[in-house]
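Pasting upload-v6.txt here (compact mmCIF, C-alpha atoms):
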# COMPACT_ATOMS: atom_id res chain seq x y z
CA MET D 1 11.90 -26.01 -12.84
CA LYS D 2 14.88 -27.28 -10.82
CA ARG D 3 17.00 -24.49 -12.30
CA LEU D 4 14.42 -21.87 -11.34
CA MET D 5 14.27 -23.14 -7.75
CA PHE D 6 18.10 -23.15 -7.58
CA VAL D 7 18.21 -19.54 -8.81
CA LEU D 8 15.54 -18.49 -6.27
CA VAL D 9 17.45 -20.10 -3.39
CA CYS D 10 20.68 -18.40 -4.50
CA LEU D 11 18.97 -15.01 -4.76
CA ALA D 12 17.35 -15.48 -1.36
CA SER D 13 20.73 -16.07 0.26
CA LEU D 14 21.90 -12.66 -1.02
CA ILE D 15 19.00 -10.67 0.43
CA PRO D 16 19.79 -9.22 3.88
CA ALA D 17 16.44 -9.89 5.60
CA GLN D 18 16.25 -9.44 9.33
CA ASP D 19 13.61 -12.14 9.84
CA ALA D 20 13.59 -15.13 7.48
CA GLN D 21 10.21 -16.89 7.48
CA ASN D 22 8.35 -19.85 6.02
CA ARG D 23 4.56 -19.91 5.65
CA THR D 24 3.05 -23.26 4.73
CA GLY D 25 -0.65 -23.33 3.95
CA LEU D 26 -3.11 -26.13 3.23
CA HIS D 27 -6.47 -24.98 1.80
CA VAL D 28 -9.24 -27.56 1.27
CA MET D 29 -12.63 -26.61 -0.18
CA VAL D 30 -15.42 -29.18 0.22
CA ASP D 31 -18.18 -28.41 -2.29
CA ILE D 32 -21.78 -28.51 -1.04
CA ASN D 33 -23.10 -27.65 -4.53
CA ASP D 34 -21.80 -25.71 -7.56
CA HIS D 35 -21.50 -22.45 -5.59
CA TRP D 36 -21.44 -23.13 -1.83
CA PHE D 37 -18.53 -24.85 -0.12
CA VAL D 38 -16.91 -25.42 3.28
CA PRO D 39 -13.35 -24.05 3.38
CA VAL D 40 -10.72 -25.29 5.82
CA TRP D 41 -7.29 -23.71 6.10
CA SER D 42 -4.27 -24.86 8.09
CA ILE D 43 -1.45 -22.30 8.07
CA SER D 44 1.85 -22.53 9.95
CA ASN D 45 4.33 -19.67 10.18
CA PHE D 46 7.91 -20.51 11.10
CA LYS D 47 10.06 -17.44 11.77
CA GLN D 48 13.74 -16.91 12.49
CA HIS D 49 13.28 -14.13 15.08
CA SER D 50 9.55 -13.53 15.56
CA SER D 51 7.32 -16.05 17.35
CA ASP D 52 6.06 -19.04 15.36
CA ASN D 53 2.34 -19.76 15.12
CA SER D 54 -0.13 -22.29 13.74
CA ASN D 55 -3.66 -21.49 12.59
CA ILE D 56 -6.88 -23.34 11.76
CA PHE D 57 -9.71 -21.59 9.88
CA THR D 58 -13.11 -22.95 8.95
CA GLY D 59 -16.38 -21.45 7.77
CA ILE D 60 -18.53 -21.09 4.66
CA GLY D 61 -17.66 -20.02 1.12
CA TYR D 62 -19.41 -18.99 -2.08
CA ARG D 63 -17.88 -19.38 -5.55
CA GLY D 64 -18.55 -17.58 -8.83
CA LYS D 65 -16.94 -18.34 -12.19
CA THR D 66 -13.67 -16.43 -11.55
CA TRP D 67 -13.90 -15.63 -7.84
CA TRP D 68 -14.72 -16.89 -4.36
CA ILE D 69 -15.45 -15.34 -0.96
CA GLN D 70 -15.13 -17.00 2.45
CA GLY D 71 -16.28 -16.15 5.98
CA LEU D 72 -14.20 -17.97 8.59
CA ALA D 73 -13.53 -18.41 12.28
CA GLN D 74 -9.83 -18.64 13.17
CA HIS D 75 -7.94 -20.06 16.11
CA GLN D 76 -4.20 -19.39 16.38
CA TRP D 77 -1.72 -21.09 18.67
CA ASN D 78 1.45 -19.16 19.58
CA ARG D 79 3.83 -18.51 22.49
CA SER D 80 1.34 -16.21 24.24
CA ASN D 81 -1.53 -18.77 24.21
CA GLY D 82 -2.97 -17.73 20.85
CA LEU D 83 -6.01 -15.84 19.68
CA TRP D 84 -9.47 -16.05 18.09
CA SER D 85 -10.63 -13.99 15.11
CA ALA D 86 -13.40 -13.50 12.56
CA ASP D 87 -11.86 -13.65 9.09
CA ALA D 88 -13.06 -12.81 5.55
CA ARG D 89 -11.22 -13.80 2.36
CA PHE D 90 -11.81 -12.90 -1.28
CA ARG D 91 -9.98 -14.11 -4.40
CA ARG D 92 -10.58 -13.12 -8.01
CA GLN D 93 -8.86 -14.06 -11.26
CA LEU D 94 -8.79 -11.20 -13.80
CA GLY D 95 -7.11 -12.65 -16.87
CA ARG D 96 -3.37 -12.80 -16.07
CA VAL D 97 -3.85 -11.04 -12.71
CA SER D 98 -4.95 -12.70 -9.47
CA VAL D 99 -6.11 -10.64 -6.46
CA TYR D 100 -6.41 -12.01 -2.91
CA ILE D 101 -7.75 -9.91 -0.02
CA GLU D 102 -8.01 -11.03 3.60
CA SER D 103 -9.22 -9.06 6.58
CA SER D 104 -9.67 -10.16 10.18
CA VAL D 105 -10.95 -8.75 13.39
CA ILE D 106 -8.85 -10.33 16.12
CA LEU D 107 -11.09 -10.78 19.13
CA THR D 108 -8.63 -11.97 21.80
CA PRO D 109 -6.49 -11.02 23.65
CA LYS D 110 -6.83 -7.41 22.39
CA LYS D 111 -9.10 -6.20 19.62
CA THR D 112 -6.94 -5.77 16.53
CA PHE D 113 -7.56 -5.42 12.78
CA TYR D 114 -5.47 -7.49 10.34
CA GLU D 115 -5.25 -7.18 6.55
CA PHE D 116 -3.33 -9.12 3.91
CA VAL D 117 -3.43 -8.34 0.18
CA ILE D 118 -1.66 -10.25 -2.62
CA VAL D 119 -1.61 -9.27 -6.31
CA GLU D 120 0.04 -11.65 -8.77
CA GLU D 121 0.53 -11.11 -12.49
CA ARG D 122 1.47 -14.12 -14.59
CA LEU D 123 4.67 -13.39 -16.49
CA TRP D 124 5.31 -16.69 -18.23
CA LYS D 125 3.60 -20.09 -18.03
CA ARG D 126 3.68 -20.87 -14.27
CA LEU D 127 5.80 -17.90 -13.15
CA ALA D 128 4.19 -14.76 -11.69
CA LEU D 129 5.31 -11.43 -10.28
CA ARG D 130 3.93 -11.09 -6.75
CA GLN D 131 3.28 -7.98 -4.66
CA GLU D 132 1.85 -8.08 -1.17
CA THR D 133 1.18 -6.13 1.99
CA GLU D 134 0.40 -7.58 5.42
CA ASN D 135 -0.57 -5.22 8.22
CA VAL D 136 -1.71 -5.39 11.85
CA HIS D 137 -3.51 -2.37 13.28
CA ARG D 138 -3.71 -2.40 17.07
CA PRO D 139 -3.60 -0.06 20.03
CA GLY D 140 -0.10 1.40 20.16
CA LYS D 141 2.31 0.46 17.37
CA ASP D 142 0.98 -0.90 14.06
CA LEU D 143 2.93 -3.51 12.11
CA ILE D 144 3.25 -2.80 8.37
CA ALA D 145 5.03 -5.01 5.79
CA ILE D 146 5.07 -4.42 2.03
CA GLY D 147 7.10 -6.03 -0.71
CA GLY D 148 7.29 -8.26 -3.73
CA GLY D 149 8.88 -11.28 -5.30
CA LEU D 150 8.12 -14.24 -7.52
CA ALA D 151 5.49 -16.98 -7.35
CA TYR D 152 5.69 -20.31 -9.15
CA SER D 153 3.03 -22.97 -9.67
CA LEU D 154 4.52 -26.44 -9.24
CA GLY D 155 1.40 -28.02 -10.76
CA LYS D 156 -0.69 -30.93 -9.48
CA TRP D 157 0.41 -33.62 -7.07
CA ARG D 158 -2.06 -36.40 -6.13
CA GLY D 159 -5.03 -34.09 -6.76
CA PHE D 160 -3.52 -31.11 -4.91
CA ASP D 161 -2.46 -27.84 -6.58
CA VAL D 162 0.99 -26.91 -5.25
CA ALA D 163 2.56 -23.45 -5.53
CA THR D 164 5.48 -21.62 -3.99
CA ALA D 165 6.59 -18.01 -3.68
CA LEU D 166 9.56 -16.04 -2.40
CA VAL D 167 8.89 -12.47 -1.23
CA TYR D 168 11.01 -9.75 0.36
CA ARG D 169 8.97 -7.40 2.54
CA ALA D 170 10.14 -4.11 4.01
CA SER D 171 8.74 -3.07 7.37
CA PRO D 172 9.24 0.52 8.51
CA MET D 173 7.88 -0.38 11.98
CA GLY D 174 9.76 -3.65 12.55
CA ARG D 175 12.11 -6.12 10.90
CA ASP D 176 12.35 -6.62 7.14
CA GLU D 177 11.28 -10.13 6.15
CA LEU D 178 12.25 -12.71 3.57
CA ARG D 179 9.30 -15.10 3.36
CA ALA D 180 9.13 -18.40 1.49
CA TYR D 181 5.63 -19.79 0.87
CA LEU D 182 4.39 -23.28 0.16
CA ASN D 183 0.66 -23.39 -0.69
CA ILE D 184 -1.27 -26.62 -1.18
CA THR D 185 -4.91 -26.44 -2.35
CA ARG D 186 -7.55 -29.07 -3.01
CA ARG D 187 -11.18 -28.86 -4.09
CA ILE D 188 -13.33 -31.84 -3.10
CA LYS D 189 -16.74 -32.45 -4.67
CA ILE D 190 -19.16 -34.46 -2.54
CA HIS D 191 -22.36 -33.81 -4.50
Take the structure I supplied and represent it as structure tokens, if you would.
Amino acid sequence: MKRLMFVLVCLASLIPAQDAQNRTGLHVMVDINDHWFVPVWSISNFKQHSSDNSNIFTGIGYRGKTWWIQGLAQHQWNRSNGLWSADARFRRQLGRVSVYIESSVILTPKKTFYEFVIVEERLWKRLALRQETENVHRPGKDLIAIGGGLAYSLGKWRGFDVATALVYRASPMGRDELRAYLNITRRIKIH
């Protein structure tokens, strides 16, 4: 695994992104019963040129055997005082393929629609090919980003599932991005 991480860091240094970014996410799901749960997300985005932001999401979720759906309220803090949104998230595992879809209606300061889609296909053990698009539709100029890279599951650490990804995203309406992800997930059963 250390060799893989070294190779990813070396490859990342060769990619001429205009806005290097790090997105760190903590996702905790507190089970109410076998299907219903309370999700809480904390996501921070650190960016080289764009403005940084931090986000808290909470709401209600429902889980099936290979999927879950969540309805959330979001508050974001950023340089321009932040925003509030209504957010929906869906994730499904289809054999070797994982699909994640998020959509938000940003309520303040201007009504905006946000969408984020990730498709990962496991290539080998913990390594997956990742494709994603993240878009903001608003009055005036939309922001579109689409790209791909690799995702790697680091396994469990003290009850948390830890994964990372490195993605290059082209943006015809803005700066191209090289984004490194760190995702930490935990499911807590209280029943």
Residues near Arg122 in chain D, cut-off 12 Å, all atoms listed in the file, skip fewer than 5 positions along chain, as a ChimeraX atom specification: /D:93-99,127-131,150-153
Those residues with C-alpha atoms, as a PDB file, keeping the file's coordinate frame please?
ATOM      1  CA  GLN D  93      -8.860 -14.060 -11.260  1.00  0.00           C
ATOM      2  CA  LEU D  94      -8.790 -11.200 -13.800  1.00  0.00           C
ATOM      3  CA  GLY D  95      -7.110 -12.650 -16.870  1.00  0.00           C
ATOM      4  CA  ARG D  96      -3.370 -12.800 -16.070  1.00  0.00           C
ATOM      5  CA  VAL D  97      -3.850 -11.040 -12.710  1.00  0.00           C
ATOM      6  CA  SER D  98      -4.950 -12.700  -9.470  1.00  0.00           C
ATOM      7  CA  VAL D  99      -6.110 -10.640  -6.460  1.00  0.00           C
ATOM      8  CA  LEU D 127       5.800 -17.900 -13.150  1.00  0.00           C
ATOM      9  CA  ALA D 128       4.190 -14.760 -11.690  1.00  0.00           C
ATOM     10  CA  LEU D 129       5.310 -11.430 -10.280  1.00  0.00           C
ATOM     11  CA  ARG D 130       3.930 -11.090  -6.750  1.00  0.00           C
ATOM     12  CA  GLN D 131       3.280  -7.980  -4.660  1.00  0.00           C
ATOM     13  CA  LEU D 150       8.120 -14.240  -7.520  1.00  0.00           C
ATOM     14  CA  ALA D 151       5.490 -16.980  -7.350  1.00  0.00           C
ATOM     15  CA  TYR D 152       5.690 -20.310  -9.150  1.00  0.00           C
ATOM     16  CA  SER D 153       3.030 -22.970  -9.670  1.00  0.00           C
TER      17      SER D 153
END
Point (-8.2, -25.2, 1.8) neighbourhood (7 Å, all atoms listed in the file) written as JSON, numbers by chain: {"D": [26, 27, 28, 29, 39, 40, 41, 185, 186]}
Straight-line distance linking CA of Thr24 in chain D with CA of Gly140 in chain D, stated in Å to one decimal: 29.3 Å
Non-local contacts of Ser171 in chain D (9 Å; only C-alpha atoms; under 6 positions in same chain excluded) as a PyMOL selection string: chain D and resi 143-147+177
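Residues with any atom within 9 Å of range 172-176 of chain D, counting all atoms listed in the file and excluding same-chain neighbours fewer than 6 positions away, are Pro16, Ala17, Gln18, Asp19, Ala20, Lys141, Asp142, Leu143, Ile144 and Ala145 of chain D.
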Keeping only C-alpha atoms, write the selected residues as an mmCIF file, keeping the file's coordinate frame.
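Output (again_10.cif):
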data_model
loop_
_atom_site.group_PDB
_atom_site.id
_atom_site.type_symbol
_atom_site.label_atom_id
_atom_site.label_comp_id
_atom_site.auth_asym_id
_atom_site.auth_seq_id
_atom_site.Cartn_x
_atom_site.Cartn_y
_atom_site.Cartn_z
ATOM 1 C CA PRO D 16 19.790 -9.220 3.880
ATOM 2 C CA ALA D 17 16.440 -9.890 5.600
ATOM 3 C CA GLN D 18 16.250 -9.440 9.330
ATOM 4 C CA ASP D 19 13.610 -12.140 9.840
ATOM 5 C CA ALA D 20 13.590 -15.130 7.480
ATOM 6 C CA LYS D 141 2.310 0.460 17.370
ATOM 7 C CA ASP D 142 0.980 -0.900 14.060
ATOM 8 C CA LEU D 143 2.930 -3.510 12.110
ATOM 9 C CA ILE D 144 3.250 -2.800 8.370
ATOM 10 C CA ALA D 145 5.030 -5.010 5.790
#
Exercise: Ala180 in chain D partners within 7 Å, all atoms listed in the file, chain neighbours under 2 positions left out, as a ChimeraX atom specification: /D:21-23,165-167,178,182
Nearby residues (all atoms listed in the file) at most 12 Å from range 33-36 of chain D, same-chain spacing under 6 positions excluded, as number ranges by chain: D: 59-71, 187-191
Å distance separating CA of Gly25 in chain D from CA of Ser50 in chain D, one decimal place: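 CA of Gly25 in chain D sits 18.3 Å away from CA of Ser50 in chain D.
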Expected answer as a PyMOL selection string: all residues with atoms within 7 Å of (-5.5, -7.2, 17.2), all atoms listed in the file: chain D and resi 105-107+110-114+136-138
Atomic distance CA of Arg79 in chain D - CA of Thr58 in chain D, expressed in Å with one decimal: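 A separation of 22.1 Å between them.
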Nearest to Leu83 in chain D, chosen from D:Val119, D:Leu154, D:Ile43, D:Ile56, with all atoms listed in the file counted in the distances: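 Of D:Val119, D:Leu154, D:Ile43, D:Ile56, the one nearest Leu83 in chain D is D:Ile56, counting all atoms listed in the file.
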